[in-house]
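query-v8.cif follows (mmCIF, C-alpha atoms):
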```
data_query
loop_
_atom_site.group_PDB
_atom_site.id
_atom_site.type_symbol
_atom_site.label_atom_id
_atom_site.label_comp_id
_atom_site.auth_asym_id
_atom_site.auth_seq_id
_atom_site.Cartn_x
_atom_site.Cartn_y
_atom_site.Cartn_z
ATOM 1 C CA MET K 288 128.808 -12.697 107.765
ATOM 2 C CA ASN K 289 129.873 -15.939 109.404
ATOM 3 C CA SER K 290 130.532 -16.630 113.054
ATOM 4 C CA ASP K 291 134.306 -16.497 112.402
ATOM 5 C CA SER K 292 133.996 -12.783 111.646
ATOM 6 C CA ILE K 293 132.432 -12.045 115.049
ATOM 7 C CA LEU K 294 134.732 -11.417 117.984
ATOM 8 C CA ILE K 295 133.274 -11.597 121.491
ATOM 9 C CA ARG K 296 135.512 -9.841 123.985
ATOM 10 C CA ASP K 297 135.415 -8.285 127.418
ATOM 11 C CA ALA K 298 134.209 -4.709 127.265
ATOM 12 C CA VAL K 299 136.674 -2.046 128.361
ATOM 13 C CA ILE K 300 136.247 1.515 129.557
ATOM 14 C CA ASP K 301 136.982 2.767 126.018
ATOM 15 C CA ASP K 302 133.710 1.081 124.954
ATOM 16 C CA LEU K 303 131.683 3.168 127.405
ATOM 17 C CA SER K 304 130.353 5.758 124.952
ATOM 18 C CA GLN K 305 129.233 3.042 122.517
ATOM 19 C CA LEU K 306 127.609 1.078 125.335
ATOM 20 C CA LEU K 307 125.744 4.156 126.561
ATOM 21 C CA GLU K 308 124.452 4.615 123.009
ATOM 22 C CA PHE K 309 123.336 0.962 122.918
ATOM 23 C CA GLU K 310 121.533 1.457 126.227
ATOM 24 C CA GLN K 311 119.518 4.364 124.803
ATOM 25 C CA LYS K 312 118.669 2.360 121.665
ATOM 26 C CA LEU K 313 117.552 -0.554 123.828
ATOM 27 C CA ILE K 314 115.376 1.715 125.969
ATOM 28 C CA ALA K 315 113.843 3.316 122.859
ATOM 29 C CA TYR K 316 113.029 -0.136 121.465
ATOM 30 C CA GLU K 317 111.515 -1.344 124.738
ATOM 31 C CA ARG K 318 109.294 1.704 125.266
ATOM 32 C CA ASP K 319 106.636 0.031 123.088
ATOM 33 C CA PHE K 320 106.552 -2.873 125.555
ATOM 34 C CA ASP K 321 106.530 -0.891 128.808
ATOM 35 C CA PRO K 322 104.091 1.971 129.386
ATOM 36 C CA ASN K 323 105.613 2.544 132.826
ATOM 37 C CA LEU K 324 108.989 3.755 131.570
ATOM 38 C CA LYS K 325 109.515 7.405 132.420
ATOM 39 C CA ALA K 326 109.617 9.919 129.574
ATOM 40 C CA GLY K 327 112.917 11.414 128.496
ATOM 41 C CA LYS K 328 116.410 10.062 128.889
ATOM 42 C CA ILE K 329 116.649 7.291 131.472
ATOM 43 C CA HIS K 330 119.253 4.651 132.306
ATOM 44 C CA TYR K 331 118.726 0.975 133.044
ATOM 45 C CA TYR K 332 122.301 0.269 134.086
ATOM 46 C CA ASP K 333 125.349 1.800 135.718
ATOM 47 C CA ILE K 334 127.519 0.658 132.830
ATOM 48 C CA LYS K 335 130.716 2.362 134.006
ATOM 49 C CA LYS K 336 130.409 0.657 137.388
ATOM 50 C CA TYR K 337 129.775 -2.688 135.669
ATOM 51 C CA LEU K 338 132.885 -2.254 133.508
ATOM 52 C CA LEU K 339 135.035 -1.618 136.576
ATOM 53 C CA ASP K 340 133.595 -4.484 138.659
ATOM 54 C CA PRO K 341 135.611 -7.708 138.215
ATOM 55 C CA GLU K 342 132.603 -9.729 139.402
ATOM 56 C CA ILE K 343 130.466 -8.563 136.458
ATOM 57 C CA LYS K 344 131.177 -9.874 132.969
ATOM 58 C CA VAL K 345 130.418 -7.203 130.366
ATOM 59 C CA VAL K 346 131.057 -8.323 126.815
ATOM 60 C CA VAL K 347 130.808 -6.776 123.391
ATOM 61 C CA ALA K 348 130.547 -8.299 119.951
ATOM 62 C CA GLU K 349 132.767 -6.869 117.224
ATOM 63 C CA HIS K 350 132.582 -7.201 113.455
ATOM 64 C CA ASP K 351 135.421 -5.638 111.437
ATOM 65 C CA GLN K 352 136.529 -3.751 114.600
ATOM 66 C CA LEU K 353 133.049 -2.231 114.965
ATOM 67 C CA VAL K 354 131.188 -2.874 118.234
ATOM 68 C CA ILE K 355 127.817 -4.316 117.191
ATOM 69 C CA GLY K 356 126.410 -5.876 120.362
ATOM 70 C CA SER K 357 126.594 -6.147 124.120
ATOM 71 C CA GLY K 358 125.540 -8.136 127.146
ATOM 72 C CA TYR K 359 126.474 -8.713 130.745
ATOM 73 C CA GLY K 360 126.349 -11.427 133.354
ATOM 74 C CA LEU K 361 126.314 -10.859 137.069
ATOM 75 C CA ILE K 362 125.879 -13.166 140.003
ATOM 76 C CA LYS K 363 122.657 -12.634 141.920
ATOM 77 C CA SER K 364 121.318 -14.195 145.096
ATOM 78 C CA SER K 365 118.069 -16.105 144.898
ATOM 79 C CA VAL K 366 115.253 -15.366 147.299
ATOM 80 C CA SER K 367 115.573 -17.408 150.487
ATOM 81 C CA TYR K 368 113.026 -20.053 149.478
ATOM 82 C CA LYS K 369 114.501 -20.914 146.059
ATOM 83 C CA ASN K 370 117.385 -22.981 144.779
ATOM 84 C CA PRO K 371 120.114 -22.485 143.833
ATOM 85 C CA GLU K 372 121.359 -19.897 146.301
ATOM 86 C CA THR K 373 122.937 -17.871 143.493
ATOM 87 C CA PHE K 374 122.594 -17.695 139.719
ATOM 88 C CA VAL K 375 123.952 -15.747 136.776
ATOM 89 C CA TYR K 376 121.656 -12.986 135.602
ATOM 90 C CA LEU K 377 121.996 -11.830 131.997
ATOM 91 C CA GLY K 378 121.155 -8.296 130.948
ATOM 92 C CA PHE K 379 121.897 -5.505 128.481
ATOM 93 C CA MET K 380 121.441 -7.890 125.572
ATOM 94 C CA TYR K 381 121.643 -5.664 122.499
ATOM 95 C CA VAL K 382 122.611 -6.244 118.867
ATOM 96 C CA GLU K 383 122.646 -3.538 116.212
ATOM 97 C CA GLU K 384 119.709 -3.940 113.856
ATOM 98 C CA ASP K 385 121.792 -4.724 110.744
ATOM 99 C CA PHE K 386 123.365 -7.707 112.554
ATOM 100 C CA ARG K 387 120.287 -9.286 114.124
ATOM 101 C CA GLY K 388 119.398 -12.828 113.152
ATOM 102 C CA ARG K 389 123.035 -13.728 112.463
ATOM 103 C CA GLY K 390 123.970 -15.504 115.679
ATOM 104 C CA VAL K 391 125.516 -12.514 117.451
ATOM 105 C CA ASN K 392 123.160 -12.755 120.437
ATOM 106 C CA GLN K 393 123.852 -16.488 120.813
ATOM 107 C CA ALA K 394 127.611 -15.821 120.754
ATOM 108 C CA ILE K 395 127.265 -13.166 123.462
ATOM 109 C CA ILE K 396 125.113 -15.495 125.574
ATOM 110 C CA GLN K 397 127.561 -18.389 125.120
ATOM 111 C CA SER K 398 130.386 -16.168 126.336
ATOM 112 C CA ILE K 399 128.401 -15.367 129.484
ATOM 113 C CA PHE K 400 127.481 -19.054 129.920
ATOM 114 C CA ASP K 401 131.195 -19.941 129.758
ATOM 115 C CA TRP K 402 132.061 -17.264 132.330
ATOM 116 C CA GLY K 403 129.247 -18.375 134.645
ATOM 117 C CA LYS K 404 130.325 -22.006 134.449
ATOM 118 C CA GLU K 405 133.923 -20.978 135.264
ATOM 119 C CA LYS K 406 132.466 -19.270 138.344
ATOM 120 C CA GLY K 407 130.729 -22.537 139.320
ATOM 121 C CA HIS K 408 127.186 -21.706 138.194
ATOM 122 C CA ASP K 409 124.736 -23.713 136.128
ATOM 123 C CA GLU K 410 121.615 -21.548 136.557
ATOM 124 C CA PHE K 411 121.151 -18.612 134.195
ATOM 125 C CA GLN K 412 118.196 -16.219 134.172
ATOM 126 C CA LEU K 413 117.094 -13.082 132.385
ATOM 127 C CA ASP K 414 114.053 -10.850 132.040
ATOM 128 C CA VAL K 415 112.278 -10.245 128.745
ATOM 129 C CA TYR K 416 109.058 -8.459 127.882
ATOM 130 C CA ALA K 417 106.300 -10.979 127.135
ATOM 131 C CA GLU K 418 105.405 -9.165 123.903
ATOM 132 C CA ASN K 419 108.999 -8.953 122.640
ATOM 133 C CA GLU K 420 108.657 -11.888 120.259
ATOM 134 C CA SER K 421 112.034 -11.456 118.543
ATOM 135 C CA ALA K 422 113.858 -11.530 121.884
ATOM 136 C CA LEU K 423 111.832 -14.527 123.050
ATOM 137 C CA LEU K 424 112.847 -16.416 119.910
ATOM 138 C CA ALA K 425 116.500 -15.410 120.285
ATOM 139 C CA TYR K 426 116.622 -16.586 123.898
ATOM 140 C CA ALA K 427 114.831 -19.837 123.040
ATOM 141 C CA LYS K 428 117.605 -20.543 120.491
ATOM 142 C CA SER K 429 120.058 -20.411 123.395
ATOM 143 C CA GLY K 430 117.964 -22.827 125.454
ATOM 144 C CA PHE K 431 116.001 -20.434 127.689
ATOM 145 C CA LYS K 432 112.430 -21.378 128.548
ATOM 146 C CA PRO K 433 109.619 -19.229 129.927
ATOM 147 C CA TYR K 434 109.631 -19.328 133.695
ATOM 148 C CA LEU K 435 107.468 -16.655 135.331
ATOM 149 C CA GLN K 436 105.284 -13.991 133.831
ATOM 150 C CA LYS K 437 104.697 -10.674 135.578
ATOM 151 C CA MET K 438 101.269 -9.146 135.011
ATOM 152 C CA ARG K 439 99.960 -5.617 135.491
ATOM 153 C CA ILE K 440 96.804 -3.546 135.254
ATOM 154 C CA LYS K 441 96.220 0.172 135.401
ATOM 155 C CA ARG K 442 92.768 1.082 136.644
ATOM 156 C CA PRO K 443 91.338 4.564 136.816
ATOM 157 C CA GLN K 444 91.103 6.088 140.269
ATOM 158 C CA GLY K 445 87.731 6.928 141.771
#
```

Whole structure, structure tokens version:
Amino acid sequence: MNSDSILIRDAVIDDLSQLLEFEQKLIAYERDFDPNLKAGKIHYYDIKKYLLDPEIKVVVAEHDQLVIGSGYGLIKSSVSYKNPETFVYLGFMYVEEDFRGRGVNQAIIQSIFDWGKEKGHDEFQLDVYAENESALLAYAKSGFKPYLQKMRIKRPQG
């Protein structure tokens, strides 16, 4: 597969069922990294709302008319003591397993970068689990650098 055979396009409401499936696959994959995720079916995103919101850029990657990946960008406000006042937050970064390592994630990210720049932004942020080495490598390829690490501990009561 070459990059010419990948189409990055805006997601549409007809993609909703596929995107909901991607969300569940993403959650299943991330359960190994997050012991605090609730058991059973959960949702990270309100994907339908995102698709209908013109201020949120939801994109999909297609190969041979098959949706193989997703991502979104939305504009968030920074906390009052940080610059810039707003930034583009990336989320829902998912690529089907058979297509990983082929530049799909970078193409999705570039599409969101382009959208964010059109909106006047030059700051882009995302969250990634510290132990998710494949995601860390993928984001580094797009220029992201570690910024802040959240830490946790669970201690027995008593």

Exercise: stretch 392-398 of chain K partners within 9 Å, only C-alpha atoms, chain neighbours under 4 positions left out, as a VMD selection string: chain K and resid 290 293 to 296 346 to 348 356 to 360 377 380 to 382 387 to 388 402 to 403 425 to 426 428 to 429

Take the PyMOL selection byres ((chain K and resi 316) around 12), run it mentally on this structure, and tell me the resulting residues as a VMD selection string. chain K and resid 309 to 315 317 to 321 324 381 to 384 416 419 421 to 422

Kindly give the distance, in Å, that separates atom CA of K:Glu342 and atom CA of K:Phe411, rounded to a single decimal.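 Going from atom CA of K:Glu342 over to atom CA of K:Phe411, I get 15.4 Å.
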
What does the distance from atom CA of K:Gln444 to atom CA of K:Gly327 come to in Å, to one decimal? 25.4 Å

List the neighbours of K:Leu303 out to 10 Å using only C-alpha atoms; skip same-chain residues closer than 6 positions along the sequence, and give me the result as a PyMOL selection string. chain K and resi 309+334-335+338

With C-alpha atoms retained, export the selected residues as an mmCIF file, keeping the file's coordinate frame.
```
data_model
loop_
_atom_site.group_PDB
_atom_site.id
_atom_site.type_symbol
_atom_site.label_atom_id
_atom_site.label_comp_id
_atom_site.auth_asym_id
_atom_site.auth_seq_id
_atom_site.Cartn_x
_atom_site.Cartn_y
_atom_site.Cartn_z
ATOM 1 C CA PHE K 309 123.336 0.962 122.918
ATOM 2 C CA ILE K 334 127.519 0.658 132.830
ATOM 3 C CA LYS K 335 130.716 2.362 134.006
ATOM 4 C CA LEU K 338 132.885 -2.254 133.508
#
```

Taking a cut-off of 12 Å and counting all atoms listed in the file, can you build a table that, for each residue of stretch 400-428 of chain K near stretch 364-367 of chain K, reports the nearest atom pair and how far apart they are in Å (one decimal), sorted by chain then residue number, as CSV?
```
residue,atom,partner,partner_atom,distance
K:His408,CA,K:Ser364,CA,11.8
K:Glu410,CA,K:Ser365,CA,10.6
K:Phe411,CA,K:Ser365,CA,11.4
K:Gln412,CA,K:Ser365,CA,10.7
```

Within 10 Å of K:Ala417, counting only C-alpha atoms, which residues qualify if same-chain residues fewer than 5 places away don't, as a VMD selection string? chain K and resid 320 422 to 423 433 436 to 438

May I have the residues at most 8 Å from (123.6, 4.5, 130.4) in the file's coordinates, counting only C-alpha atoms, as a compact mmCIF listing (two decimals) with C-alpha atoms, keeping the file's coordinate frame?
```txt
# COMPACT_ATOMS: atom_id res chain seq x y z
CA LEU K 306 127.61 1.08 125.34
CA LEU K 307 125.74 4.16 126.56
CA GLU K 308 124.45 4.62 123.01
CA GLU K 310 121.53 1.46 126.23
CA GLN K 311 119.52 4.36 124.80
CA ILE K 329 116.65 7.29 131.47
CA HIS K 330 119.25 4.65 132.31
CA TYR K 331 118.73 0.98 133.04
CA TYR K 332 122.30 0.27 134.09
CA ASP K 333 125.35 1.80 135.72
CA ILE K 334 127.52 0.66 132.83
```

Gap from atom CA of K:Lys406 to atom CA of K:Leu424 - Å, one decimal: 27.1 Å

Just need the box for stretch 329-336 of chain K, edges along x, y and z, holding every atom the file lists for it with 5 Å tacked onto each side, so centre and edge lengths in Å to one decimal, as AutoDock Vina command-line options.
```
--center_x 123.7 --center_y 3.8 --center_z 134.4 --size_x 24.1 --size_y 17.0 --size_z 15.9
```

Would you please work out which residue, of K:Phe379, K:Arg389, K:Lys325, K:Glu349, is nearest to K:Leu361 when using only C-alpha atoms?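 For K:Leu361, the nearest of the given residues is K:Phe379.
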
Have a look at K:Lys441, K:His350, K:Lys432, K:Lys336 and name the one nearest to K:Ser292; count all atoms listed in the file.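 Looking only at the distances to K:Ser292, the closest residue turns out to be K:His350.
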
Pick from K:Leu339, K:Asp409, K:Lys404, K:Gly390: nearest to K:Glu372, with only C-alpha atoms counted?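 Ranking K:Leu339, K:Asp409, K:Lys404, K:Gly390 by distance to K:Glu372, first place goes to K:Asp409.
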
How about completing stretch 423-441 of chain K with N, CA and C atoms and giving it to me as a CSV table (one decimal), in the frame of the given file?
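This is the output file selection_17.csv:
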```csv
chain,number,residue,atom,x,y,z
K,423,LEU,N,112.2,-13.2,122.6
K,423,LEU,CA,111.8,-14.5,123.0
K,423,LEU,C,112.4,-15.6,122.2
K,424,LEU,N,112.3,-15.4,120.9
K,424,LEU,CA,112.8,-16.4,119.9
K,424,LEU,C,114.4,-16.5,120.0
K,425,ALA,N,115.0,-15.4,120.2
K,425,ALA,CA,116.5,-15.4,120.3
K,425,ALA,C,116.9,-16.2,121.5
K,426,TYR,N,116.3,-15.9,122.7
K,426,TYR,CA,116.6,-16.6,123.9
K,426,TYR,C,116.3,-18.1,123.8
K,427,ALA,N,115.2,-18.4,123.2
K,427,ALA,CA,114.8,-19.8,123.0
K,427,ALA,C,115.9,-20.6,122.3
K,428,LYS,N,116.5,-19.9,121.3
K,428,LYS,CA,117.6,-20.5,120.5
K,428,LYS,C,118.8,-20.9,121.4
K,429,SER,N,119.0,-20.2,122.5
K,429,SER,CA,120.1,-20.4,123.4
K,429,SER,C,119.6,-21.3,124.5
K,430,GLY,N,118.4,-21.8,124.5
K,430,GLY,CA,118.0,-22.8,125.5
K,430,GLY,C,117.1,-22.3,126.6
K,431,PHE,N,116.9,-21.0,126.6
K,431,PHE,CA,116.0,-20.4,127.7
K,431,PHE,C,114.6,-20.9,127.5
K,432,LYS,N,113.9,-21.0,128.6
K,432,LYS,CA,112.4,-21.4,128.5
K,432,LYS,C,111.7,-20.4,129.4
K,433,PRO,N,110.4,-20.1,129.1
K,433,PRO,CA,109.6,-19.2,129.9
K,433,PRO,C,109.6,-19.8,131.3
K,434,TYR,N,109.6,-18.9,132.3
K,434,TYR,CA,109.6,-19.3,133.7
K,434,TYR,C,108.6,-18.7,134.6
K,435,LEU,N,108.4,-17.4,134.5
K,435,LEU,CA,107.5,-16.7,135.3
K,435,LEU,C,107.0,-15.4,134.6
K,436,GLN,N,105.8,-15.2,134.5
K,436,GLN,CA,105.3,-14.0,133.8
K,436,GLN,C,104.7,-13.0,134.8
K,437,LYS,N,105.2,-11.8,134.8
K,437,LYS,CA,104.7,-10.7,135.6
K,437,LYS,C,103.5,-10.1,134.9
K,438,MET,N,102.5,-9.7,135.6
K,438,MET,CA,101.3,-9.1,135.0
K,438,MET,C,101.0,-7.8,135.7
K,439,ARG,N,100.3,-6.9,135.0
K,439,ARG,CA,100.0,-5.6,135.5
K,439,ARG,C,98.6,-5.2,135.0
K,440,ILE,N,98.0,-4.2,135.7
K,440,ILE,CA,96.8,-3.5,135.3
K,440,ILE,C,96.9,-2.1,135.7
K,441,LYS,N,96.4,-1.2,135.0
K,441,LYS,CA,96.2,0.2,135.4
K,441,LYS,C,94.7,0.5,135.4
```
